[in-house]
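Dropping work-v9.cif in here (mmCIF, C-alpha atoms):
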data_start
#
loop_
_atom_site.group_PDB
_atom_site.id
_atom_site.type_symbol
_atom_site.label_atom_id
_atom_site.label_comp_id
_atom_site.auth_asym_id
_atom_site.auth_seq_id
_atom_site.Cartn_x
_atom_site.Cartn_y
_atom_site.Cartn_z
ATOM 1 C CA MET Y 1 -23.845 -4.980 36.030
ATOM 2 C CA LYS Y 2 -22.270 -5.863 32.678
ATOM 3 C CA ASP Y 3 -19.849 -8.763 32.674
ATOM 4 C CA LYS Y 4 -16.381 -7.618 31.691
ATOM 5 C CA VAL Y 5 -14.895 -9.569 28.823
ATOM 6 C CA GLN Y 6 -11.652 -11.235 29.828
ATOM 7 C CA LYS Y 7 -8.734 -9.883 27.848
ATOM 8 C CA GLU Y 8 -5.730 -11.957 26.990
ATOM 9 C CA ILE Y 9 -2.117 -10.939 27.247
ATOM 10 C CA ILE Y 10 -0.501 -11.333 23.834
ATOM 11 C CA ASN Y 11 2.876 -13.030 24.111
ATOM 12 C CA SER Y 12 5.820 -12.475 21.793
ATOM 13 C CA THR Y 13 5.466 -16.011 20.510
ATOM 14 C CA ASP Y 14 1.806 -15.603 19.611
ATOM 15 C CA ARG Y 15 0.793 -15.378 15.978
ATOM 16 C CA LEU Y 16 -1.440 -12.634 14.690
ATOM 17 C CA LEU Y 17 -3.659 -13.374 11.700
ATOM 18 C CA ARG Y 18 -4.687 -10.929 8.997
ATOM 19 C CA ARG Y 19 -6.981 -11.444 6.012
ATOM 20 C CA ILE Y 20 -5.624 -10.226 2.683
ATOM 21 C CA PRO Y 21 -7.989 -9.762 -0.287
ATOM 22 C CA GLN Y 22 -7.230 -11.921 -3.300
ATOM 23 C CA ASN Y 23 -8.483 -9.201 -5.629
ATOM 24 C CA PRO Y 24 -6.824 -6.854 -6.209
ATOM 25 C CA ASP Y 25 -3.506 -8.598 -5.967
ATOM 26 C CA PHE Y 26 -1.433 -7.592 -2.938
ATOM 27 C CA ILE Y 27 1.276 -10.188 -3.423
ATOM 28 C CA LYS Y 28 4.315 -8.969 -5.312
ATOM 29 C CA GLU Y 29 6.462 -11.043 -7.638
ATOM 30 C CA ASP Y 30 8.892 -11.752 -4.850
ATOM 31 C CA GLY Y 31 6.064 -13.142 -2.715
ATOM 32 C CA VAL Y 32 6.069 -10.220 -0.284
ATOM 33 C CA LEU Y 33 2.844 -8.443 0.616
ATOM 34 C CA ALA Y 34 2.302 -4.811 -0.307
ATOM 35 C CA SER Y 35 2.870 -2.469 2.604
ATOM 36 C CA THR Y 36 -0.697 -1.190 2.415
ATOM 37 C CA CYS Y 37 -1.825 -4.510 3.906
ATOM 38 C CA PHE Y 38 -0.685 -3.246 7.314
ATOM 39 C CA THR Y 39 -1.674 0.396 7.135
ATOM 40 C CA LYS Y 40 -3.797 1.755 9.937
ATOM 41 C CA LYS Y 41 -7.144 3.176 8.914
ATOM 42 C CA LYS Y 42 -7.683 6.780 9.957
ATOM 43 C CA GLY Y 43 -9.697 7.062 13.118
ATOM 44 C CA GLU Y 44 -8.957 3.500 14.184
ATOM 45 C CA ASN Y 45 -6.891 2.569 17.209
ATOM 46 C CA GLY Y 46 -4.733 0.066 15.370
ATOM 47 C CA VAL Y 47 -4.438 -2.552 12.652
ATOM 48 C CA SER Y 48 -6.988 -5.327 13.147
ATOM 49 C CA VAL Y 49 -5.729 -8.883 13.496
ATOM 50 C CA ASP Y 50 -6.930 -12.092 15.128
ATOM 51 C CA LEU Y 51 -5.015 -13.778 17.907
ATOM 52 C CA GLU Y 52 -4.460 -17.200 16.382
ATOM 53 C CA ARG Y 53 -4.852 -19.270 19.535
ATOM 54 C CA LEU Y 54 -8.307 -17.854 20.180
ATOM 55 C CA THR Y 55 -9.734 -18.700 16.778
ATOM 56 C CA THR Y 56 -9.361 -21.054 13.863
ATOM 57 C CA HIS Y 57 -7.978 -20.367 10.420
ATOM 58 C CA ALA Y 58 -11.311 -21.235 8.832
ATOM 59 C CA VAL Y 59 -13.104 -18.661 10.967
ATOM 60 C CA SER Y 60 -10.454 -15.979 10.654
ATOM 61 C CA ILE Y 61 -10.246 -16.119 6.857
ATOM 62 C CA LYS Y 62 -14.052 -15.690 6.630
ATOM 63 C CA ASP Y 63 -14.190 -16.572 2.938
ATOM 64 C CA LYS Y 64 -11.293 -18.482 1.423
ATOM 65 C CA GLU Y 65 -12.575 -17.700 -2.083
ATOM 66 C CA ARG Y 66 -12.069 -13.982 -1.464
ATOM 67 C CA TYR Y 67 -9.175 -13.811 0.980
ATOM 68 C CA PHE Y 68 -5.803 -15.252 1.817
ATOM 69 C CA LEU Y 69 -4.748 -15.637 5.431
ATOM 70 C CA TYR Y 70 -1.387 -14.372 6.613
ATOM 71 C CA TYR Y 71 0.267 -14.227 9.999
ATOM 72 C CA ILE Y 72 3.018 -12.317 11.692
ATOM 73 C CA GLU Y 73 4.730 -13.233 14.922
ATOM 74 C CA ALA Y 74 3.713 -10.877 17.713
ATOM 75 C CA SER Y 75 7.402 -10.213 18.317
ATOM 76 C CA VAL Y 76 7.669 -8.594 14.883
ATOM 77 C CA SER Y 77 5.360 -5.735 15.772
ATOM 78 C CA GLU Y 78 6.878 -5.450 19.232
ATOM 79 C CA GLU Y 79 10.325 -5.031 17.679
ATOM 80 C CA GLN Y 80 8.953 -2.052 15.751
ATOM 81 C CA GLY Y 81 7.922 -0.368 18.996
ATOM 82 C CA LEU Y 82 4.274 -1.306 18.564
ATOM 83 C CA GLU Y 83 1.936 -2.905 21.059
ATOM 84 C CA ASN Y 84 -0.303 -5.895 20.455
ATOM 85 C CA VAL Y 85 -3.559 -5.584 22.329
ATOM 86 C CA HIS Y 86 -6.331 -8.121 22.660
ATOM 87 C CA ASP Y 87 -9.513 -6.260 21.736
ATOM 88 C CA PRO Y 88 -12.407 -8.716 21.747
ATOM 89 C CA LEU Y 89 -15.479 -7.793 19.756
ATOM 90 C CA PRO Y 90 -19.013 -9.074 20.348
ATOM 91 C CA ASP Y 91 -18.761 -11.281 17.264
ATOM 92 C CA ASN Y 92 -15.035 -12.006 17.392
ATOM 93 C CA TYR Y 93 -13.358 -12.834 20.680
ATOM 94 C CA ALA Y 94 -9.975 -13.269 18.948
ATOM 95 C CA HIS Y 95 -9.948 -9.721 17.590
ATOM 96 C CA SER Y 96 -6.807 -7.830 18.474
ATOM 97 C CA LEU Y 97 -5.072 -4.653 17.455
ATOM 98 C CA ILE Y 98 -1.519 -3.773 16.526
ATOM 99 C CA THR Y 99 -1.306 -0.304 18.018
ATOM 100 C CA GLY Y 100 1.189 2.521 18.044
ATOM 101 C CA ASN Y 101 2.776 4.736 15.448
ATOM 102 C CA ILE Y 102 2.490 2.552 12.374
ATOM 103 C CA THR Y 103 4.398 4.620 9.848
ATOM 104 C CA ARG Y 104 4.614 3.746 6.151
ATOM 105 C CA SER Y 105 8.049 2.196 6.623
ATOM 106 C CA ILE Y 106 6.910 0.182 9.636
ATOM 107 C CA ALA Y 107 3.886 -1.061 7.681
ATOM 108 C CA LYS Y 108 6.333 -2.194 5.004
ATOM 109 C CA ARG Y 109 8.353 -4.144 7.567
ATOM 110 C CA LEU Y 110 5.243 -5.790 8.976
ATOM 111 C CA ALA Y 111 4.138 -6.784 5.479
ATOM 112 C CA ALA Y 112 7.592 -8.151 4.686
ATOM 113 C CA ALA Y 113 7.481 -10.319 7.793
ATOM 114 C CA ALA Y 114 4.052 -11.796 7.046
ATOM 115 C CA SER Y 115 3.730 -15.432 6.027
ATOM 116 C CA LYS Y 116 0.895 -17.133 4.251
ATOM 117 C CA ILE Y 117 -1.229 -19.811 5.890
ATOM 118 C CA GLN Y 118 -2.752 -22.458 3.673
ATOM 119 C CA VAL Y 119 -6.396 -22.793 4.685
ATOM 120 C CA ASP Y 120 -8.056 -25.966 3.420
ATOM 121 C CA MET D 1 11.536 17.468 -29.410
ATOM 122 C CA GLN D 2 7.784 17.350 -29.372
ATOM 123 C CA VAL D 3 6.243 16.623 -26.004
ATOM 124 C CA LEU D 4 3.402 14.176 -26.315
ATOM 125 C CA ILE D 5 0.621 14.959 -23.930
ATOM 126 C CA ASN D 6 -2.248 12.793 -22.882
ATOM 127 C CA LYS D 7 -5.049 15.313 -23.026
ATOM 128 C CA SER D 8 -6.827 13.713 -20.127
ATOM 129 C CA SER D 9 -3.811 14.422 -17.917
ATOM 130 C CA PHE D 10 -4.561 18.036 -17.205
ATOM 131 C CA LEU D 11 -7.282 17.846 -14.640
ATOM 132 C CA GLY D 12 -7.866 19.379 -11.282
ATOM 133 C CA ASN D 13 -6.669 22.469 -9.523
ATOM 134 C CA PRO D 14 -3.534 23.757 -11.287
ATOM 135 C CA THR D 15 -2.097 24.934 -7.994
ATOM 136 C CA SER D 16 -2.285 21.483 -6.382
ATOM 137 C CA GLY D 17 0.905 19.682 -5.430
ATOM 138 C CA PHE D 18 0.512 17.062 -8.118
ATOM 139 C CA ASP D 19 0.203 19.642 -10.878
ATOM 140 C CA ILE D 20 3.411 21.287 -9.687
ATOM 141 C CA TYR D 21 5.416 18.219 -10.495
ATOM 142 C CA LYS D 22 3.593 17.728 -13.771
ATOM 143 C CA THR D 23 4.846 21.193 -14.631
ATOM 144 C CA GLN D 24 8.322 20.132 -13.588
ATOM 145 C CA ALA D 25 8.087 17.126 -15.868
ATOM 146 C CA LEU D 26 7.341 19.356 -18.812
ATOM 147 C CA SER D 27 10.073 21.807 -17.892
ATOM 148 C CA LEU D 28 12.810 19.168 -17.726
ATOM 149 C CA GLY D 29 13.478 19.844 -21.366
ATOM 150 C CA SER D 30 13.571 17.911 -24.554
ATOM 151 C CA SER D 31 14.327 14.629 -22.813
ATOM 152 C CA THR D 32 10.926 14.578 -21.110
ATOM 153 C CA MET D 33 8.049 12.906 -22.814
ATOM 154 C CA ILE D 34 4.589 12.267 -21.515
ATOM 155 C CA PHE D 35 3.394 9.147 -23.164
ATOM 156 C CA PRO D 36 -0.154 8.362 -24.141
ATOM 157 C CA GLU D 37 -1.030 4.935 -22.885
ATOM 158 C CA ASP D 38 -1.030 3.273 -26.258
ATOM 159 C CA ILE D 39 2.751 3.593 -26.568
ATOM 160 C CA LEU D 40 3.625 2.479 -23.063
ATOM 161 C CA SER D 41 5.082 -0.954 -22.513
ATOM 162 C CA ASP D 42 2.732 -3.863 -21.893
ATOM 163 C CA ASP D 43 3.838 -4.004 -18.253
ATOM 164 C CA LEU D 44 3.060 -0.337 -17.678
ATOM 165 C CA GLN D 45 -0.257 -0.632 -19.432
ATOM 166 C CA ALA D 46 -1.117 -3.591 -17.232
ATOM 167 C CA LEU D 47 -0.095 -1.629 -14.134
ATOM 168 C CA ILE D 48 -2.261 1.306 -15.176
ATOM 169 C CA GLU D 49 -5.168 -0.994 -15.875
ATOM 170 C CA LYS D 50 -4.773 -2.582 -12.446
ATOM 171 C CA ILE D 51 -4.928 0.876 -10.854
ATOM 172 C CA ARG D 52 -8.018 1.785 -12.904
ATOM 173 C CA LEU D 53 -9.770 -1.285 -11.558
ATOM 174 C CA PHE D 54 -9.366 0.050 -8.007
ATOM 175 C CA GLN D 55 -12.334 2.245 -8.869
ATOM 176 C CA GLY D 56 -14.575 -0.758 -8.544
ATOM 177 C CA LEU D 57 -13.646 -1.505 -4.948
ATOM 178 C CA PRO D 58 -16.602 -0.835 -2.638
ATOM 179 C CA ASN D 59 -16.494 0.530 0.876
ATOM 180 C CA ASN D 60 -15.122 -2.090 3.260
ATOM 181 C CA TRP D 61 -13.407 -3.895 0.378
ATOM 182 C CA ASP D 62 -11.003 -5.596 2.791
ATOM 183 C CA ASP D 63 -13.622 -6.492 5.395
ATOM 184 C CA TYR D 64 -11.710 -4.356 7.900
ATOM 185 C CA GLY D 65 -13.512 -1.134 6.979
ATOM 186 C CA ALA D 66 -11.306 0.117 4.136
ATOM 187 C CA GLU D 67 -12.585 3.122 2.236
ATOM 188 C CA LYS D 68 -13.384 3.229 -1.447
ATOM 189 C CA ILE D 69 -10.386 4.293 -3.482
ATOM 190 C CA SER D 70 -10.448 7.960 -4.382
ATOM 191 C CA PRO D 71 -10.879 8.638 -8.129
ATOM 192 C CA VAL D 72 -8.523 11.572 -7.665
ATOM 193 C CA ALA D 73 -5.855 9.299 -6.197
ATOM 194 C CA ILE D 74 -6.336 6.823 -9.040
ATOM 195 C CA ASN D 75 -6.009 9.548 -11.635
ATOM 196 C CA ASP D 76 -2.927 11.054 -9.995
ATOM 197 C CA ALA D 77 -1.215 7.669 -9.798
ATOM 198 C CA ILE D 78 -1.892 6.917 -13.445
ATOM 199 C CA GLN D 79 -0.701 10.316 -14.557
ATOM 200 C CA PHE D 80 2.504 9.881 -12.572
ATOM 201 C CA ILE D 81 3.244 6.621 -14.376
ATOM 202 C CA GLN D 82 2.427 8.159 -17.743
ATOM 203 C CA SER D 83 4.471 11.285 -17.045
ATOM 204 C CA TYR D 84 7.589 9.473 -15.860
ATOM 205 C CA SER D 85 7.531 6.369 -17.998
ATOM 206 C CA GLY D 86 10.340 7.869 -20.075
ATOM 207 C CA LYS D 87 12.643 8.523 -17.126
ATOM 208 C CA ASN D 88 13.915 4.955 -16.777
ATOM 209 C CA LEU D 89 12.001 4.363 -13.541
ATOM 210 C CA PRO D 90 11.460 0.704 -12.543
ATOM 211 C CA PHE D 91 7.725 0.660 -11.966
ATOM 212 C CA TYR D 92 6.999 -2.583 -10.152
ATOM 213 C CA PHE D 93 3.666 -2.802 -8.365
ATOM 214 C CA ALA D 94 0.556 -0.925 -7.283
ATOM 215 C CA ALA D 95 -1.900 -1.460 -4.463
ATOM 216 C CA PRO D 96 -4.850 0.360 -2.948
ATOM 217 C CA GLY D 97 -4.735 1.685 0.602
ATOM 218 C CA VAL D 98 -7.304 1.525 3.373
ATOM 219 C CA ASN D 99 -7.741 5.310 3.464
ATOM 220 C CA GLY D 100 -8.621 5.630 -0.218
ATOM 221 C CA GLU D 101 -5.067 6.152 -1.433
ATOM 222 C CA VAL D 102 -3.085 4.457 -4.192
ATOM 223 C CA MET D 103 0.453 3.187 -3.665
ATOM 224 C CA VAL D 104 2.844 2.780 -6.581
ATOM 225 C CA GLU D 105 6.010 0.821 -5.891
ATOM 226 C CA LEU D 106 9.238 0.980 -7.850
ATOM 227 C CA LYS D 107 11.996 -1.570 -7.414
ATOM 228 C CA LEU D 108 15.428 -2.288 -8.828
ATOM 229 C CA GLY D 109 17.842 -4.623 -7.103
ATOM 230 C CA ASN D 110 18.182 -3.635 -3.468
ATOM 231 C CA ARG D 111 16.517 -0.261 -4.024
ATOM 232 C CA ALA D 112 12.808 0.382 -3.786
ATOM 233 C CA ALA D 113 10.472 3.336 -3.595
ATOM 234 C CA GLU D 114 6.871 3.701 -2.561
ATOM 235 C CA VAL D 115 4.819 6.621 -3.786
ATOM 236 C CA PHE D 116 1.452 7.309 -2.222
ATOM 237 C CA PHE D 117 -1.269 9.324 -3.911
ATOM 238 C CA ASN D 118 -3.776 10.463 -1.318
ATOM 239 C CA PRO D 119 -7.408 11.534 -1.786
ATOM 240 C CA ASP D 120 -6.549 15.111 -0.781
ATOM 241 C CA ARG D 121 -3.976 15.173 -3.646
ATOM 242 C CA SER D 122 -1.029 15.133 -1.265
ATOM 243 C CA THR D 123 1.743 12.686 -2.031
ATOM 244 C CA GLU D 124 4.258 10.726 -0.021
ATOM 245 C CA LEU D 125 7.554 9.294 -1.176
ATOM 246 C CA LEU D 126 9.739 6.783 0.618
ATOM 247 C CA LEU D 127 13.070 5.530 -0.718
ATOM 248 C CA PHE D 128 14.468 2.237 0.563
ATOM 249 C CA GLU D 129 17.855 0.649 0.225
ATOM 250 C CA ASN D 130 18.314 -2.863 1.595
ATOM 251 C CA ASN D 131 14.908 -2.417 3.237
ATOM 252 C CA ASN D 132 16.128 0.621 5.195
ATOM 253 C CA CYS D 133 14.263 3.856 4.657
ATOM 254 C CA LYS D 134 16.705 6.415 3.236
ATOM 255 C CA LEU D 135 14.310 9.261 2.509
ATOM 256 C CA GLU D 136 10.785 10.165 3.434
ATOM 257 C CA GLY D 137 9.018 13.201 2.042
ATOM 258 C CA ASP D 138 6.612 14.272 -0.637
ATOM 259 C CA LEU D 139 6.934 13.442 -4.304
ATOM 260 C CA GLU D 140 6.906 17.021 -5.586
ATOM 261 C CA THR D 141 9.872 18.102 -3.482
ATOM 262 C CA ASN D 142 11.856 14.906 -4.055
ATOM 263 C CA ILE D 143 11.136 13.937 -7.651
ATOM 264 C CA GLU D 144 14.729 14.495 -8.720
ATOM 265 C CA GLU D 145 15.952 12.331 -5.860
ATOM 266 C CA LEU D 146 13.595 9.592 -6.992
ATOM 267 C CA ILE D 147 14.864 9.720 -10.560
ATOM 268 C CA SER D 148 18.546 9.781 -9.571
ATOM 269 C CA PHE D 149 17.967 7.016 -6.983
ATOM 270 C CA PHE D 150 17.247 4.580 -9.808
ATOM 271 C CA ASN D 151 19.550 6.079 -12.397
ATOM 272 C CA GLU D 152 22.815 6.328 -10.518
ATOM 273 C CA GLY D 153 25.715 4.644 -12.264
#
Encoded form (structure tokens):
Amino acid sequence: MKDKVQKEIINSTDRLLRRIPQNPDFIKEDGVLASTCFTKKKGENGVSVDLERLTTHAVSIKDKERYFLYYIEASVSEEQGLENVHDPLPDNYAHSLITGNITRSIAKRLAAAASKIQVD
Amino acid sequence: MQVLINKSSFLGNPTSGFDIYKTQALSLGSSTMIFPEDILSDDLQALIEKIRLFQGLPNNWDDYGAEKISPVAINDAIQFIQSYSGKNLPFYFAAPGVNGEVMVELKLGNRAAEVFFNPDRSTELLLFENNNCKLEGDLETNIEELISFFNEG
């Protein structure tokens, strides 16, 4: 019998991490991320993020020469009528999904609410 | 008034949605110019060059499985900027999308617009005021609304 992977409940106060490529530039002059940073890929169940408390910034960013690391509060996506779901992967236990109807305008709001994390 | 045309602009299926609004641009009369890149402002040239560079993004360019950016979407986005550079539109930013699309953002004060050029040549237009979405539709149907949105007195 396969062991079931324990799934976490994502709380409103949790932080969800997302890698943003450094090139091309997704950061506008006003410091806000482009909305395409939170667009759902066709065929996917949601926007991939990492649940911060289950990982480290160094792991989540993967390559700090190629990516920036941003976070949004889980409450931000919840306020847009979305659901945050812990979706562990074999190589990433912290993997989670922001699921629901992520329209273009909602993606813009998620991007606007994202904050950068300095990863040393 | 002579209409300057970038010869490389007229590509693709003439009955596609994008070509319909190119036709509209030409039919708006003597005040419409389509500018070859070499007489666009430095900012617009830089924006166009940024979009061109999206061609070099490989599959999975974001490490989340993003698709390569469609050459059709890139071309449509560039032609839009070239075609409407003379309409006093505040082009602001451009970014690739995870489904192969190109997003062009316009912004002036508390008003913003996002225009999406998709690989299937469809377009999407969203108008925002104070971060609230005021209109959502396609570019072809709403091009006049886009122009007046940023040119109201």
Determine the residue membership of the PyMOL selection byres ((chain Y) within 9 of (chain D)) for the file above and supply it as a PDB file with C-alpha atoms, keeping the file's coordinate frame.
ATOM      1  CA  ARG Y  19      -6.981 -11.444   6.012  1.00  0.00           C
ATOM      2  CA  ILE Y  20      -5.624 -10.226   2.683  1.00  0.00           C
ATOM      3  CA  PRO Y  21      -7.989  -9.762  -0.287  1.00  0.00           C
ATOM      4  CA  PRO Y  24      -6.824  -6.854  -6.209  1.00  0.00           C
ATOM      5  CA  ASP Y  25      -3.506  -8.598  -5.967  1.00  0.00           C
ATOM      6  CA  PHE Y  26      -1.433  -7.592  -2.938  1.00  0.00           C
ATOM      7  CA  LYS Y  28       4.315  -8.969  -5.312  1.00  0.00           C
ATOM      8  CA  GLU Y  29       6.462 -11.043  -7.638  1.00  0.00           C
ATOM      9  CA  ALA Y  34       2.302  -4.811  -0.307  1.00  0.00           C
ATOM     10  CA  SER Y  35       2.870  -2.469   2.604  1.00  0.00           C
ATOM     11  CA  THR Y  36      -0.697  -1.190   2.415  1.00  0.00           C
ATOM     12  CA  CYS Y  37      -1.825  -4.510   3.906  1.00  0.00           C
ATOM     13  CA  THR Y  39      -1.674   0.396   7.135  1.00  0.00           C
ATOM     14  CA  LYS Y  40      -3.797   1.755   9.937  1.00  0.00           C
ATOM     15  CA  LYS Y  41      -7.144   3.176   8.914  1.00  0.00           C
ATOM     16  CA  LYS Y  42      -7.683   6.780   9.957  1.00  0.00           C
ATOM     17  CA  VAL Y  47      -4.438  -2.552  12.652  1.00  0.00           C
ATOM     18  CA  SER Y  48      -6.988  -5.327  13.147  1.00  0.00           C
ATOM     19  CA  TYR Y  67      -9.175 -13.811   0.980  1.00  0.00           C
ATOM     20  CA  ARG Y 104       4.614   3.746   6.151  1.00  0.00           C
ATOM     21  CA  SER Y 105       8.049   2.196   6.623  1.00  0.00           C
ATOM     22  CA  LYS Y 108       6.333  -2.194   5.004  1.00  0.00           C
ATOM     23  CA  ARG Y 109       8.353  -4.144   7.567  1.00  0.00           C
TER      24      ARG Y 109
END
Could you name the residues that touch Leu16 (chain Y) at 12 Å or less, counting all atoms listed in the file, but leaving out those on the same chain fewer than 5 positions away, as a PyMOL selection string?
chain Y and resi 10-11+38+47-57+60+69-78+84-86+94-98+110+113-117
In Å, rounded to a single decimal, give me how far CA of Thr141 (chain D) is from CA of Asn75 (chain D).
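Those two atoms sit 19.8 Å apart.
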Closest to Tyr84 (chain D) among D:Ile147, D:Glu152, D:Ala112, D:Gly56, using only C-alpha atoms?
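With only C-alpha atoms as the atom set, the closest residue is D:Ile147.
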At what distance in Å, to one decimal, does CA of Lys68 (chain D) lie from CA of Pro90 (chain D)?
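CA of Lys68 (chain D) lies at a distance of 27.3 Å from CA of Pro90 (chain D).
Take CA of Phe68 (chain Y) and CA of Pro119 (chain D): the distance between them is 27.1 Å.
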With 4 Å of padding per side, what axis-aligned box (centre and edge lengths, Å, one decimal) covers all the listed atoms of region 97-115 of chain Y? Give it as lines of an AutoDock Vina configuration file.
center_x = 1.6
center_y = -5.3
center_z = 11.4
size_x = 21.4
size_y = 28.2
size_z = 21.4
Measuring between all atoms listed in the file, which one of Y:Leu33, Y:Val5, Y:Ile106, Y:Leu82 shows the shortest distance to Arg18 (chain Y)?
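Under the stated criterion, the closest residue is Y:Leu33.
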Would you pick out the contacts of region 76-79 of chain D at 7 Å or less, using all atoms listed in the file, so that residues sharing its chain but fewer than 2 positions from it are not included, and give the list as a ChimeraX atom specification?
/D:9,48,72-74,81-83,102,117
So that I can check the surroundings of region 64-66 of chain Y, please list as a list in words every protein, DNA and RNA residue that reaches within 8 Å of it, counting all atoms listed in the file and ignoring chain neighbours fewer than 2 positions away.
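Within the cut-off, the hits are Pro21, Gln22, Asn23, Ala58, Ile61, Lys62, Phe68 and Val119 of chain Y.
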Okay, now the selection with C-alpha atoms, as an mmCIF file, keeping the file's coordinate frame?
data_model
loop_
_atom_site.group_PDB
_atom_site.id
_atom_site.type_symbol
_atom_site.label_atom_id
_atom_site.label_comp_id
_atom_site.auth_asym_id
_atom_site.auth_seq_id
_atom_site.Cartn_x
_atom_site.Cartn_y
_atom_site.Cartn_z
ATOM 1 C CA PRO Y 21 -7.989 -9.762 -0.287
ATOM 2 C CA GLN Y 22 -7.230 -11.921 -3.300
ATOM 3 C CA ASN Y 23 -8.483 -9.201 -5.629
ATOM 4 C CA ALA Y 58 -11.311 -21.235 8.832
ATOM 5 C CA ILE Y 61 -10.246 -16.119 6.857
ATOM 6 C CA LYS Y 62 -14.052 -15.690 6.630
ATOM 7 C CA PHE Y 68 -5.803 -15.252 1.817
ATOM 8 C CA VAL Y 119 -6.396 -22.793 4.685
#
Kindly output region 30-43 of chain Y as a PDB file, in the coordinates of the input, after building N, CA and C atoms.
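The file below, part-v8.pdb, is the result:
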ATOM      1  N   ASP Y  30       7.955 -11.094  -5.758  1.00  0.00           N
ATOM      2  CA  ASP Y  30       8.892 -11.752  -4.850  1.00  0.00           C
ATOM      3  C   ASP Y  30       8.171 -12.437  -3.693  1.00  0.00           C
ATOM      4  N   GLY Y  31       6.848 -12.449  -3.735  1.00  0.00           N
ATOM      5  CA  GLY Y  31       6.064 -13.142  -2.715  1.00  0.00           C
ATOM      6  C   GLY Y  31       5.756 -12.307  -1.486  1.00  0.00           C
ATOM      7  N   VAL Y  32       6.271 -11.086  -1.446  1.00  0.00           N
ATOM      8  CA  VAL Y  32       6.069 -10.220  -0.284  1.00  0.00           C
ATOM      9  C   VAL Y  32       4.771  -9.427  -0.450  1.00  0.00           C
ATOM     10  N   LEU Y  33       4.074  -9.222   0.654  1.00  0.00           N
ATOM     11  CA  LEU Y  33       2.844  -8.443   0.616  1.00  0.00           C
ATOM     12  C   LEU Y  33       3.133  -6.956   0.439  1.00  0.00           C
ATOM     13  N   ALA Y  34       2.202  -6.264  -0.218  1.00  0.00           N
ATOM     14  CA  ALA Y  34       2.302  -4.811  -0.307  1.00  0.00           C
ATOM     15  C   ALA Y  34       2.158  -4.206   1.082  1.00  0.00           C
ATOM     16  N   SER Y  35       2.849  -3.099   1.275  1.00  0.00           N
ATOM     17  CA  SER Y  35       2.870  -2.469   2.604  1.00  0.00           C
ATOM     18  C   SER Y  35       1.490  -1.983   3.043  1.00  0.00           C
ATOM     19  N   THR Y  36       0.628  -1.705   2.073  1.00  0.00           N
ATOM     20  CA  THR Y  36      -0.697  -1.190   2.415  1.00  0.00           C
ATOM     21  C   THR Y  36      -1.536  -2.230   3.154  1.00  0.00           C
ATOM     22  N   CYS Y  37      -1.103  -3.472   3.166  1.00  0.00           N
ATOM     23  CA  CYS Y  37      -1.825  -4.510   3.906  1.00  0.00           C
ATOM     24  C   CYS Y  37      -1.783  -4.284   5.416  1.00  0.00           C
ATOM     25  N   PHE Y  38      -0.824  -3.481   5.876  1.00  0.00           N
ATOM     26  CA  PHE Y  38      -0.685  -3.246   7.314  1.00  0.00           C
ATOM     27  C   PHE Y  38      -0.747  -1.769   7.656  1.00  0.00           C
ATOM     28  N   THR Y  39      -1.482  -1.023   6.856  1.00  0.00           N
ATOM     29  CA  THR Y  39      -1.674   0.396   7.135  1.00  0.00           C
ATOM     30  C   THR Y  39      -2.853   0.571   8.083  1.00  0.00           C
ATOM     31  N   LYS Y  40      -2.710   1.497   8.999  1.00  0.00           N
ATOM     32  CA  LYS Y  40      -3.797   1.755   9.937  1.00  0.00           C
ATOM     33  C   LYS Y  40      -4.835   2.670   9.289  1.00  0.00           C
ATOM     34  N   LYS Y  41      -6.088   2.327   9.443  1.00  0.00           N
ATOM     35  CA  LYS Y  41      -7.144   3.176   8.914  1.00  0.00           C
ATOM     36  C   LYS Y  41      -7.303   4.395   9.814  1.00  0.00           C
ATOM     37  N   LYS Y  42      -7.536   5.535   9.199  1.00  0.00           N
ATOM     38  CA  LYS Y  42      -7.683   6.780   9.957  1.00  0.00           C
ATOM     39  C   LYS Y  42      -8.859   6.655  10.920  1.00  0.00           C
ATOM     40  N   GLY Y  43      -8.642   7.103  12.125  1.00  0.00           N
ATOM     41  CA  GLY Y  43      -9.697   7.062  13.118  1.00  0.00           C
ATOM     42  C   GLY Y  43      -9.746   5.771  13.914  1.00  0.00           C
TER      43      GLY Y  43
END
